[in-house]
>>> print(open('upload30.txt').read())   # compact mmCIF, C-alpha atoms and all ligand atoms
# COMPACT_ATOMS: atom_id res chain seq x y z
CA MET U 895 -110.82 73.34 -106.54
CA ASN U 896 -110.74 72.24 -110.18
CA THR U 897 -113.90 71.96 -112.25
CA PHE U 898 -115.70 68.63 -112.35
CA GLN U 899 -118.95 67.22 -113.65
CA TYR U 900 -121.60 66.14 -111.15
CA HIS U 901 -123.79 63.09 -111.86
CA SER U 902 -126.70 62.01 -109.70
CA ALA U 903 -127.25 58.24 -109.83
CA ASN U 904 -130.72 56.78 -109.20
CA ARG U 905 -129.71 53.10 -108.82
CA ALA U 906 -126.46 51.29 -108.01
CA THR U 907 -126.38 49.86 -111.55
CA ASN U 908 -126.79 53.38 -112.91
CA ALA U 909 -123.83 54.57 -110.79
CA LYS U 910 -121.71 51.73 -112.22
CA GLU U 911 -122.77 52.59 -115.75
CA ILE U 912 -121.83 56.27 -115.32
CA PHE U 913 -118.51 55.21 -113.78
CA SER U 914 -117.68 52.98 -116.75
CA GLN U 915 -118.44 55.79 -119.20
CA HIS U 916 -116.07 58.35 -117.66
CA GLU U 917 -112.36 58.54 -116.95
CA ASN U 918 -111.16 59.76 -113.57
CA ALA U 919 -114.50 59.42 -111.76
CA LYS U 920 -115.18 59.09 -108.01
CA PHE U 921 -118.25 58.04 -106.07
CA LEU U 922 -119.64 60.72 -103.75
CA SER U 923 -121.49 59.73 -100.57
CA GLY U 924 -121.62 62.40 -97.82
CA GLY U 925 -118.67 64.35 -99.26
CA MET U 926 -117.21 64.88 -95.78
CA THR U 927 -113.82 63.50 -96.82
CA LEU U 928 -113.96 63.70 -100.60
CA LEU U 929 -114.79 67.41 -100.90
CA PRO U 930 -112.13 68.63 -98.42
CA SER U 931 -109.58 66.39 -100.21
CA MET U 932 -110.55 68.03 -103.52
CA LYS U 933 -110.39 71.52 -102.01
CA HIS U 934 -106.86 70.81 -100.78
CA GLY U 935 -105.86 69.50 -104.21
CA LEU U 936 -105.11 66.01 -102.88
CA ILE U 937 -107.33 64.48 -105.55
CA GLN U 938 -108.82 65.99 -108.68
CA PRO U 939 -111.61 63.84 -110.09
CA ASP U 940 -113.24 65.01 -113.33
CA HIS U 941 -116.56 63.32 -112.49
CA LEU U 942 -118.39 62.89 -109.18
CA ILE U 943 -121.12 60.24 -109.12
CA ASP U 944 -123.48 60.96 -106.24
CA LEU U 945 -124.79 57.82 -104.51
CA SER U 946 -126.79 59.66 -101.85
CA ARG U 947 -130.09 59.73 -103.78
CA ILE U 948 -130.24 55.99 -104.43
CA PRO U 949 -133.06 54.67 -102.21
CA ASP U 950 -131.72 51.08 -102.10
CA LEU U 951 -128.42 52.22 -100.59
CA GLN U 952 -130.02 53.83 -97.52
CA GLY U 953 -131.52 52.55 -94.30
CA ILE U 954 -131.16 49.99 -91.54
CA LYS U 955 -132.81 46.56 -91.39
CA ASP U 956 -132.77 43.79 -88.82
CA ASN U 957 -132.30 40.47 -90.60
CA HIS U 958 -132.35 38.39 -87.39
CA GLU U 959 -128.83 36.97 -87.88
CA PHE U 960 -127.31 40.34 -88.70
CA LEU U 961 -128.04 44.03 -89.19
CA SER U 962 -128.05 45.33 -92.73
CA ILE U 963 -127.05 48.97 -93.16
CA GLY U 964 -127.10 50.84 -96.47
CA PRO U 965 -123.77 52.54 -97.21
CA THR U 966 -125.28 56.03 -97.58
CA THR U 967 -126.91 55.85 -94.16
CA LYS U 968 -125.73 58.84 -92.18
CA HIS U 969 -123.93 58.70 -88.84
CA LYS U 970 -126.78 60.52 -87.09
CA ASP U 971 -129.30 57.94 -88.34
CA VAL U 972 -127.19 55.02 -87.10
CA ALA U 973 -126.84 56.76 -83.72
CA ALA U 974 -130.59 57.39 -83.44
CA SER U 975 -131.81 54.05 -84.83
CA ASP U 976 -133.96 51.98 -82.43
CA ILE U 977 -132.80 48.84 -84.24
CA VAL U 978 -129.12 49.65 -83.72
CA GLN U 979 -129.63 50.83 -80.13
CA ARG U 980 -131.42 47.58 -79.31
CA SER U 981 -129.16 45.10 -81.13
CA ILE U 982 -125.72 46.72 -81.14
CA PRO U 983 -125.72 49.59 -78.62
CA GLY U 984 -121.94 49.91 -78.92
CA LEU U 985 -122.36 50.80 -82.60
CA ALA U 986 -125.07 53.41 -81.93
CA TYR U 987 -122.75 54.97 -79.36
CA LEU U 988 -119.80 54.86 -81.79
CA ALA U 989 -121.84 56.73 -84.44
CA SER U 990 -122.90 59.34 -81.86
CA GLN U 991 -119.22 60.09 -81.12
CA ILE U 992 -118.12 60.86 -84.70
CA GLY U 993 -117.03 64.45 -85.35
CA ASP U 994 -119.70 67.05 -84.62
CA PRO U 995 -123.42 67.39 -85.46
CA GLN U 996 -122.66 68.74 -88.95
CA VAL U 997 -120.36 65.82 -89.78
CA ARG U 998 -122.87 63.32 -88.40
CA ALA U 999 -125.64 64.91 -90.48
CA ARG U 1000 -123.73 64.41 -93.77
CA GLY U 1001 -121.11 61.69 -93.26
CA THR U 1002 -122.00 58.09 -94.09
CA ILE U 1003 -121.00 54.64 -92.91
CA GLY U 1004 -120.09 53.48 -96.44
CA GLY U 1005 -117.92 56.54 -97.08
CA SER U 1006 -116.15 56.06 -93.76
CA LEU U 1007 -115.42 52.36 -94.41
CA ALA U 1008 -114.31 52.96 -98.01
CA ASN U 1009 -112.02 55.78 -96.86
CA ASN U 1010 -110.48 53.76 -93.98
CA ASP U 1011 -108.87 56.70 -92.21
CA PRO U 1012 -106.54 55.20 -89.55
CA ALA U 1013 -108.28 57.36 -86.90
CA ALA U 1014 -111.87 56.76 -88.06
CA ASP U 1015 -114.37 55.11 -85.72
CA TYR U 1016 -116.44 52.83 -87.98
CA PRO U 1017 -113.57 50.55 -89.03
CA ALA U 1018 -113.19 49.48 -85.37
CA GLY U 1019 -116.90 48.64 -85.11
CA ALA U 1020 -116.91 46.84 -88.47
CA LEU U 1021 -113.87 44.70 -87.65
CA ALA U 1022 -115.10 43.74 -84.18
CA LEU U 1023 -118.61 43.01 -85.46
CA LYS U 1024 -117.47 40.63 -88.22
CA ALA U 1025 -118.84 42.98 -90.89
CA LYS U 1026 -119.31 41.86 -94.44
CA MET U 1027 -119.03 44.53 -97.09
CA ILE U 1028 -121.36 43.56 -99.91
CA THR U 1029 -120.31 45.22 -103.16
CA ASP U 1030 -121.60 45.20 -106.72
CA ARG U 1031 -119.08 42.37 -107.37
CA ARG U 1032 -118.64 40.28 -104.22
CA GLU U 1033 -118.74 40.00 -100.46
CA ILE U 1034 -115.64 41.07 -98.50
CA ALA U 1035 -115.17 40.12 -94.84
CA ALA U 1036 -113.90 42.94 -92.62
CA ASP U 1037 -110.84 40.76 -91.84
CA ASP U 1038 -109.83 41.10 -95.52
CA PHE U 1039 -111.31 44.54 -96.24
CA PHE U 1040 -109.01 46.88 -94.27
CA THR U 1041 -105.61 46.53 -95.90
CA GLY U 1042 -103.66 49.41 -94.30
CA PHE U 1043 -103.20 53.16 -94.24
CA TYR U 1044 -106.27 54.61 -96.07
CA SER U 1045 -106.46 51.45 -98.13
CA THR U 1046 -109.09 48.77 -98.57
CA ALA U 1047 -109.67 45.71 -100.72
CA LEU U 1048 -112.07 47.71 -102.94
CA GLU U 1049 -111.07 47.70 -106.59
CA GLU U 1050 -111.36 50.62 -109.00
CA GLY U 1051 -115.04 51.40 -109.53
CA GLU U 1052 -116.27 48.85 -106.95
CA VAL U 1053 -119.26 50.10 -104.91
CA ILE U 1054 -120.26 49.03 -101.41
CA THR U 1055 -123.99 48.34 -101.67
CA GLU U 1056 -124.68 46.96 -98.18
CA ILE U 1057 -122.91 46.48 -94.86
CA GLN U 1058 -123.87 43.42 -92.81
CA LEU U 1059 -122.95 43.36 -89.13
CA ALA U 1060 -123.15 40.33 -86.87
CA LYS U 1061 -125.31 40.87 -83.77
CA PRO U 1062 -123.23 40.31 -80.63
CA LEU U 1063 -124.52 39.38 -77.19
CA LYS U 1064 -122.88 42.57 -75.89
CA SER U 1065 -120.85 45.41 -77.34
CA ALA U 1066 -119.11 48.57 -76.18
CA TYR U 1067 -116.96 51.30 -77.70
CA ALA U 1068 -114.65 53.67 -75.83
CA LYS U 1069 -112.85 56.54 -77.50
CA CYS U 1070 -110.39 59.30 -76.70
CA LYS U 1071 -111.07 62.20 -79.07
CA GLN U 1072 -108.52 64.36 -80.78
CA SER U 1073 -109.85 67.66 -79.49
CA ALA U 1074 -109.89 69.68 -82.75
CA SER U 1075 -111.48 67.19 -85.15
CA GLY U 1076 -113.12 64.59 -82.94
CA TYR U 1077 -111.25 61.75 -84.69
CA ALA U 1078 -109.92 58.97 -82.43
CA LEU U 1079 -106.52 59.36 -80.79
CA ALA U 1080 -107.45 55.86 -79.76
CA GLY U 1081 -110.70 53.90 -79.93
CA VAL U 1082 -111.46 50.37 -78.74
CA PHE U 1083 -114.51 48.34 -79.74
CA ILE U 1084 -115.34 45.10 -77.90
CA ALA U 1085 -117.91 42.61 -79.20
CA VAL U 1086 -118.90 39.51 -77.24
CA PHE U 1087 -120.45 36.65 -79.21
CA PRO U 1088 -121.77 33.24 -78.09
CA ASN U 1089 -119.28 30.50 -77.16
CA GLN U 1090 -116.90 33.00 -75.57
CA GLU U 1091 -115.94 34.49 -78.91
CA ILE U 1092 -114.55 37.96 -78.19
CA ARG U 1093 -113.38 40.41 -80.84
CA VAL U 1094 -111.53 43.59 -79.89
CA ALA U 1095 -110.65 46.12 -82.61
CA VAL U 1096 -108.51 49.23 -82.19
CA THR U 1097 -108.46 52.43 -84.21
CA GLY U 1098 -106.26 55.54 -84.05
CA VAL U 1099 -103.19 53.73 -82.76
CA GLY U 1100 -101.74 51.93 -85.80
CA ALA U 1101 -101.50 52.61 -89.54
CA GLY U 1102 -104.98 51.13 -89.83
CA VAL U 1103 -107.56 49.39 -87.72
CA PHE U 1104 -106.45 46.06 -86.23
CA ARG U 1105 -107.64 43.27 -83.97
CA TRP U 1106 -106.05 43.28 -80.55
CA THR U 1107 -105.65 39.59 -79.75
CA GLU U 1108 -103.93 40.11 -76.36
CA ALA U 1109 -106.97 42.12 -75.26
CA GLU U 1110 -109.32 39.38 -76.44
CA GLN U 1111 -107.46 36.87 -74.26
CA ALA U 1112 -107.29 39.38 -71.40
CA PHE U 1113 -111.06 39.87 -71.54
CA LEU U 1114 -111.62 36.13 -71.18
CA SER U 1115 -109.22 35.85 -68.24
CA GLY U 1116 -110.43 39.03 -66.50
CA GLN U 1117 -107.01 40.71 -66.77
CA PHE U 1118 -107.59 44.26 -67.93
CA LYS U 1119 -104.10 45.50 -68.86
CA PRO U 1120 -103.17 43.68 -72.05
CA ASP U 1121 -99.88 44.21 -73.83
CA LEU U 1122 -99.92 46.13 -77.13
CA GLN U 1123 -96.86 45.95 -79.34
CA ARG U 1124 -96.89 46.74 -83.05
CA ASP U 1125 -94.41 48.08 -85.53
CA ASP U 1126 -96.85 50.53 -87.18
CA LEU U 1127 -97.79 52.70 -84.19
CA ILE U 1128 -98.77 56.31 -84.94
CA SER U 1129 -96.83 59.23 -83.44
CA ASP U 1130 -97.78 62.70 -84.61
CA LEU U 1131 -98.29 66.25 -83.37
CA HIS U 1132 -101.47 65.17 -81.56
CA ALA U 1133 -99.88 62.40 -79.45
CA PRO U 1134 -96.84 60.13 -79.32
CA SER U 1135 -97.34 56.41 -79.80
CA GLU U 1136 -96.70 55.68 -76.09
CA TYR U 1137 -99.64 57.90 -75.17
CA ARG U 1138 -101.90 56.16 -77.69
CA VAL U 1139 -100.91 52.71 -76.46
CA ASN U 1140 -101.53 53.72 -72.86
CA MET U 1141 -104.85 55.27 -73.88
CA ALA U 1142 -105.88 52.08 -75.71
CA GLN U 1143 -105.25 50.12 -72.49
CA VAL U 1144 -107.36 52.57 -70.49
CA LEU U 1145 -110.15 52.48 -73.09
CA PHE U 1146 -110.11 48.70 -73.25
CA LYS U 1147 -110.66 48.55 -69.50
CA LYS U 1148 -113.43 51.13 -69.71
CA ALA U 1149 -115.25 49.26 -72.51
CA ALA U 1150 -114.77 45.90 -70.76
CA GLN U 1151 -116.21 47.27 -67.52
CA HIS U 1152 -119.15 48.74 -69.43
CA ILE U 1153 -119.88 45.30 -70.87
CA GLN U 1154 -119.62 43.64 -67.46
CA ASN U 1155 -121.96 46.17 -65.84
CA ASN U 1156 -124.66 46.10 -68.54
C1 LIG Q 1 -114.46 67.99 -89.28
C2 LIG Q 1 -114.57 66.50 -89.46
C3 LIG Q 1 -114.52 65.69 -88.35
C4 LIG Q 1 -114.61 64.31 -88.50
N1 LIG Q 1 -114.54 63.53 -87.39
C5 LIG Q 1 -114.60 62.20 -87.53
C6 LIG Q 1 -114.54 61.34 -86.40
O1 LIG Q 1 -114.48 61.75 -85.25
N2 LIG Q 1 -114.59 60.01 -86.61
C7 LIG Q 1 -114.71 59.48 -87.86
O2 LIG Q 1 -114.76 58.27 -87.98
N3 LIG Q 1 -114.79 60.26 -88.94
C8 LIG Q 1 -114.75 61.60 -88.81
N4 LIG Q 1 -114.86 62.37 -89.92
C9 LIG Q 1 -115.06 61.75 -91.25
C10 LIG Q 1 -116.56 61.49 -91.49
O3 LIG Q 1 -116.95 60.44 -90.64
C11 LIG Q 1 -116.91 61.08 -92.92
O4 LIG Q 1 -118.21 60.65 -92.89
C12 LIG Q 1 -116.13 59.95 -93.49
O5 LIG Q 1 -114.79 60.33 -93.63
C13 LIG Q 1 -116.57 59.54 -94.89
O6 LIG Q 1 -117.07 60.59 -95.59
P1 LIG Q 1 -118.45 60.51 -96.37
O7 LIG Q 1 -119.36 59.51 -95.81
O8 LIG Q 1 -118.92 61.88 -96.41
O9 LIG Q 1 -117.95 59.94 -97.79
P2 LIG Q 1 -117.29 60.72 -99.01
O10 LIG Q 1 -116.40 61.80 -98.53
O11 LIG Q 1 -118.34 61.09 -99.98
O12 LIG Q 1 -116.43 59.53 -99.63
C14 LIG Q 1 -115.26 59.05 -99.00
C15 LIG Q 1 -114.57 58.02 -99.92
O13 LIG Q 1 -115.33 56.83 -100.00
C16 LIG Q 1 -115.71 56.53 -101.34
N5 LIG Q 1 -117.07 55.97 -101.25
C17 LIG Q 1 -118.14 56.58 -100.68
N6 LIG Q 1 -119.18 55.75 -100.69
C18 LIG Q 1 -118.77 54.60 -101.29
C19 LIG Q 1 -119.41 53.36 -101.59
N7 LIG Q 1 -120.69 53.11 -101.26
N8 LIG Q 1 -118.68 52.41 -102.22
C20 LIG Q 1 -117.39 52.63 -102.54
N9 LIG Q 1 -116.73 53.77 -102.28
C21 LIG Q 1 -117.42 54.74 -101.66
C22 LIG Q 1 -115.63 57.85 -102.08
O14 LIG Q 1 -115.40 57.68 -103.47
C23 LIG Q 1 -114.43 58.49 -101.38
O15 LIG Q 1 -113.23 57.98 -101.90
C24 LIG Q 1 -114.77 63.75 -89.80
C25 LIG Q 1 -114.84 64.57 -90.92
C26 LIG Q 1 -114.74 65.94 -90.76
C27 LIG Q 1 -114.84 66.80 -92.00
>>> encode(input="upload30.txt", output="structure tokens")
Amino acid sequence: MNTFQYHSANRATNAKEIFSQHENAKFLSGGMTLLPSMKHGLIQPDHLIDLSRIPDLQGIKDNHEFLSIGPTTKHKDVAASDIVQRSIPGLAYLASQIGDPQVRARGTIGGSLANNDPAADYPAGALALKAKMITDRREIAADDFFTGFYSTALEEGEVITEIQLAKPLKSAYAKCKQSASGYALAGVFIAVFPNQEIRVAVTGVGAGVFRWTEAEQAFLSGQFKPDLQRDDLISDLHAPSEYRVNMAQVLFKKAAQHIQNN
């Protein structure tokens, strides 16, 4: 790993200021993706700006219409939160299924969304739950935020300062884990809102998270084997695309049945 300078920010504005003063800087949240990427030489930032000590960027609040989660809130805290368990149990379950206890103790929701790994869990929850990513510059709807393979609508130096999630009537997540890392070979999140609004989001199967419209219609009509055809399906050493598609269908049924029985 190359040398770099570490900066600890105490406010979001302070983090922005440090960023603007240095070339080749990166924000650091839990470091669960950033540090391994640096160790492998995939990226070589000269400055790391640590967001994890900024009090305003942490914690979970219920704002009646939506849940507000600070980007540096750790996976384990989302999983254990009474607020999340009560309002969006599918999201608490999703957080409890990420990686292993060490990853959940360090990794953060903001880092996961900003990274947008095609096999990460949070993007599925965020897309199904009509998330809004509030940044230091603007508000970005989840529908516009995830732009493809490890890419998001975030601009250079833009910081997520809050994640707002709509509260559904019901929610469920089902996942098939890649056995070595715990990442999703396939993951399906279903959120049911008033007026028969259903959102189904899929991770692990395509080049990035996507909404599965056939499954949304299938949920409404009680048919639990929706079609899934895309031109960006993932096939790799862990599983061919046919397996992932089949698994997504199985997981959709599992999550749908969970919603119907609870
Ligand atoms: C062994 C292992 C197993 C894992 N298993 C899973 C799994 O099963 N499911 C899963 O979903 N994930 C998994 N992960 C990833 C884990 O969830 C990480 O938390 C996630 O990748 C993000 O890392 P982080 O929160 O530590 O952020 P960091 O690594 O610190 O940052 C990630 C990226 O986001 C940027 N960033 C961070 N915060 C912000 C912000 N507020 N605004 C703008 N940009 C920001 C950083 O600059 C960096 O580019 C695993 C990781 C490991 C190491």
>>> residues_around(input="upload30.txt", residues="range 1100-1110 of chain U", least_positions_apart="4", cutoff="10 Å", atoms="only C-alpha atoms", output="PyMOL selection string")
chain U and resi 1010-1022+1037+1040-1046+1080-1086+1090-1096+1114-1129+1135+1138-1139+1143+1146-1147+1150
>>> write_last_selection(input="upload30.txt", atoms="C-alpha atoms", output="mmCIF file, in the frame of the given file")
data_model
loop_
_atom_site.group_PDB
_atom_site.id
_atom_site.type_symbol
_atom_site.label_atom_id
_atom_site.label_comp_id
_atom_site.auth_asym_id
_atom_site.auth_seq_id
_atom_site.Cartn_x
_atom_site.Cartn_y
_atom_site.Cartn_z
ATOM 1 C CA ASN U 1010 -110.480 53.760 -93.980
ATOM 2 C CA ASP U 1011 -108.870 56.700 -92.210
ATOM 3 C CA PRO U 1012 -106.540 55.200 -89.550
ATOM 4 C CA ALA U 1013 -108.280 57.360 -86.900
ATOM 5 C CA ALA U 1014 -111.870 56.760 -88.060
ATOM 6 C CA ASP U 1015 -114.370 55.110 -85.720
ATOM 7 C CA TYR U 1016 -116.440 52.830 -87.980
ATOM 8 C CA PRO U 1017 -113.570 50.550 -89.030
ATOM 9 C CA ALA U 1018 -113.190 49.480 -85.370
ATOM 10 C CA GLY U 1019 -116.900 48.640 -85.110
ATOM 11 C CA ALA U 1020 -116.910 46.840 -88.470
ATOM 12 C CA LEU U 1021 -113.870 44.700 -87.650
ATOM 13 C CA ALA U 1022 -115.100 43.740 -84.180
ATOM 14 C CA ASP U 1037 -110.840 40.760 -91.840
ATOM 15 C CA PHE U 1040 -109.010 46.880 -94.270
ATOM 16 C CA THR U 1041 -105.610 46.530 -95.900
ATOM 17 C CA GLY U 1042 -103.660 49.410 -94.300
ATOM 18 C CA PHE U 1043 -103.200 53.160 -94.240
ATOM 19 C CA TYR U 1044 -106.270 54.610 -96.070
ATOM 20 C CA SER U 1045 -106.460 51.450 -98.130
ATOM 21 C CA THR U 1046 -109.090 48.770 -98.570
ATOM 22 C CA ALA U 1080 -107.450 55.860 -79.760
ATOM 23 C CA GLY U 1081 -110.700 53.900 -79.930
ATOM 24 C CA VAL U 1082 -111.460 50.370 -78.740
ATOM 25 C CA PHE U 1083 -114.510 48.340 -79.740
ATOM 26 C CA ILE U 1084 -115.340 45.100 -77.900
ATOM 27 C CA ALA U 1085 -117.910 42.610 -79.200
ATOM 28 C CA VAL U 1086 -118.900 39.510 -77.240
ATOM 29 C CA GLN U 1090 -116.900 33.000 -75.570
ATOM 30 C CA GLU U 1091 -115.940 34.490 -78.910
ATOM 31 C CA ILE U 1092 -114.550 37.960 -78.190
ATOM 32 C CA ARG U 1093 -113.380 40.410 -80.840
ATOM 33 C CA VAL U 1094 -111.530 43.590 -79.890
ATOM 34 C CA ALA U 1095 -110.650 46.120 -82.610
ATOM 35 C CA VAL U 1096 -108.510 49.230 -82.190
ATOM 36 C CA LEU U 1114 -111.620 36.130 -71.180
ATOM 37 C CA SER U 1115 -109.220 35.850 -68.240
ATOM 38 C CA GLY U 1116 -110.430 39.030 -66.500
ATOM 39 C CA GLN U 1117 -107.010 40.710 -66.770
ATOM 40 C CA PHE U 1118 -107.590 44.260 -67.930
ATOM 41 C CA LYS U 1119 -104.100 45.500 -68.860
ATOM 42 C CA PRO U 1120 -103.170 43.680 -72.050
ATOM 43 C CA ASP U 1121 -99.880 44.210 -73.830
ATOM 44 C CA LEU U 1122 -99.920 46.130 -77.130
ATOM 45 C CA GLN U 1123 -96.860 45.950 -79.340
ATOM 46 C CA ARG U 1124 -96.890 46.740 -83.050
ATOM 47 C CA ASP U 1125 -94.410 48.080 -85.530
ATOM 48 C CA ASP U 1126 -96.850 50.530 -87.180
ATOM 49 C CA LEU U 1127 -97.790 52.700 -84.190
ATOM 50 C CA ILE U 1128 -98.770 56.310 -84.940
ATOM 51 C CA SER U 1129 -96.830 59.230 -83.440
ATOM 52 C CA SER U 1135 -97.340 56.410 -79.800
ATOM 53 C CA ARG U 1138 -101.900 56.160 -77.690
ATOM 54 C CA VAL U 1139 -100.910 52.710 -76.460
ATOM 55 C CA GLN U 1143 -105.250 50.120 -72.490
ATOM 56 C CA PHE U 1146 -110.110 48.700 -73.250
ATOM 57 C CA LYS U 1147 -110.660 48.550 -69.500
ATOM 58 C CA ALA U 1150 -114.770 45.900 -70.760
#
>>> axis_aligned_box(input="upload30.txt", around="ligand LIG 1 (chain Q)", padding_each_side="3 Å", output="AutoDock Vina command-line options")
--center_x -117.0 --center_y 60.2 --center_z -94.4 --size_x 13.5 --size_y 21.6 --size_z 24.2
>>> atom_distance(input="upload30.txt", atom1="atom N3 of ligand LIG 1 (chain Q)", atom2="CA of Ser902 in chain U")
24.0 Å
>>> residues_around(input="upload30.txt", residues="range 924-926 of chain U", least_positions_apart="6", cutoff="7 Å", atoms="all atoms listed in the file", output="ChimeraX atom specification")
/U:997,1000-1002,1005
>>> closest_atom_pairs(input="upload30.txt", of="chain U", to="ligand LIG 1 (chain Q)", cutoff="8 Å", atoms="only C-alpha atoms and all ligand atoms", output="Markdown table")
| residue | atom | partner | partner_atom | distance |
| --- | --- | --- | --- | --- |
| U:Lys920 | CA | Q:LIG1 | O14 | 4.8 |
| U:Phe921 | CA | Q:LIG1 | O14 | 3.9 |
| U:Leu922 | CA | Q:LIG1 | O11 | 4.0 |
| U:Ser923 | CA | Q:LIG1 | O11 | 3.5 |
| U:Gly924 | CA | Q:LIG1 | O8 | 3.1 |
| U:Gly925 | CA | Q:LIG1 | O11 | 3.4 |
| U:Met926 | CA | Q:LIG1 | O8 | 3.5 |
| U:Thr927 | CA | Q:LIG1 | O10 | 3.5 |
| U:Leu928 | CA | Q:LIG1 | O10 | 3.7 |
| U:Leu929 | CA | Q:LIG1 | O10 | 6.3 |
| U:Pro930 | CA | Q:LIG1 | C27 | 7.2 |
| U:Leu945 | CA | Q:LIG1 | N7 | 7.0 |
| U:Leu951 | CA | Q:LIG1 | N7 | 7.8 |
| U:Pro965 | CA | Q:LIG1 | N7 | 5.1 |
| U:Thr966 | CA | Q:LIG1 | N7 | 6.6 |
| U:Lys968 | CA | Q:LIG1 | O7 | 7.4 |
| U:His969 | CA | Q:LIG1 | O4 | 7.3 |
| U:Gln991 | CA | Q:LIG1 | O1 | 6.5 |
| U:Ile992 | CA | Q:LIG1 | O1 | 3.8 |
| U:Gly993 | CA | Q:LIG1 | N1 | 3.3 |
| U:Asp994 | CA | Q:LIG1 | C3 | 6.5 |
| U:Val997 | CA | Q:LIG1 | C26 | 5.7 |
| U:Arg998 | CA | Q:LIG1 | O3 | 7.0 |
| U:Arg1000 | CA | Q:LIG1 | O8 | 6.0 |
| U:Gly1001 | CA | Q:LIG1 | O4 | 3.1 |
| U:Thr1002 | CA | Q:LIG1 | O7 | 3.5 |
| U:Ile1003 | CA | Q:LIG1 | O7 | 5.9 |
| U:Gly1004 | CA | Q:LIG1 | N7 | 4.9 |
| U:Gly1005 | CA | Q:LIG1 | O9 | 3.5 |
| U:Ser1006 | CA | Q:LIG1 | C13 | 3.7 |
| U:Leu1007 | CA | Q:LIG1 | O13 | 7.2 |
| U:Ala1008 | CA | Q:LIG1 | O13 | 4.5 |
| U:Asn1009 | CA | Q:LIG1 | C15 | 4.6 |
| U:Asn1010 | CA | Q:LIG1 | O5 | 7.9 |
| U:Asp1011 | CA | Q:LIG1 | O5 | 7.1 |
| U:Ala1013 | CA | Q:LIG1 | O2 | 6.6 |
| U:Ala1014 | CA | Q:LIG1 | O2 | 3.3 |
| U:Asp1015 | CA | Q:LIG1 | O2 | 3.9 |
| U:Tyr1016 | CA | Q:LIG1 | O2 | 5.7 |
| U:Pro1017 | CA | Q:LIG1 | O2 | 7.9 |
| U:Thr1029 | CA | Q:LIG1 | N8 | 7.4 |
| U:Leu1048 | CA | Q:LIG1 | C20 | 7.3 |
| U:Gly1051 | CA | Q:LIG1 | C20 | 7.5 |
| U:Glu1052 | CA | Q:LIG1 | C20 | 5.9 |
| U:Val1053 | CA | Q:LIG1 | N8 | 3.6 |
| U:Ile1054 | CA | Q:LIG1 | N8 | 3.8 |
| U:Thr1055 | CA | Q:LIG1 | N7 | 5.8 |
| U:Glu1056 | CA | Q:LIG1 | N7 | 8.0 |
| U:Lys1071 | CA | Q:LIG1 | O1 | 7.1 |
| U:Gln1072 | CA | Q:LIG1 | O1 | 7.9 |
| U:Ser1075 | CA | Q:LIG1 | C3 | 4.7 |
| U:Gly1076 | CA | Q:LIG1 | O1 | 3.9 |
| U:Tyr1077 | CA | Q:LIG1 | O1 | 3.3 |
| U:Ala1078 | CA | Q:LIG1 | O1 | 6.0 |
>>> atom_distance(input="upload30.txt", atom1="CA of His1132 in chain U", atom2="CA of Ser1065 in chain U")
28.0 Å
>>> closest_residue(input="upload30.txt", among="U:Leu1131, U:Ala1047, U:Met1027, U:Ala989", to="Ala1068 in chain U", atoms="only C-alpha atoms")
U:Ala989
>>> closest_residue(input="upload30.txt", among="U:Glu1050, U:Ser981, U:Gln952, U:Asp1030", to="Ser914 in chain U", atoms="only C-alpha atoms")
U:Glu1050
>>> atom_distance(input="upload30.txt", atom1="CA of His916 in chain U", atom2="CA of Gly935 in chain U")
20.2 Å
>>> residues_near_point(input="upload30.txt", point="(-114.1, 59.1, -117.1)", cutoff="12 Å", atoms="all atoms listed in the file", output="list in words")
Phe898, Gln899, Tyr900, His901, Lys910, Glu911, Ile912, Phe913, Ser914, Gln915, His916, Glu917, Asn918, Ala919, Lys920, Phe921, Pro939, Asp940, His941, Leu942, Ile943 and Gly1051 of chain U
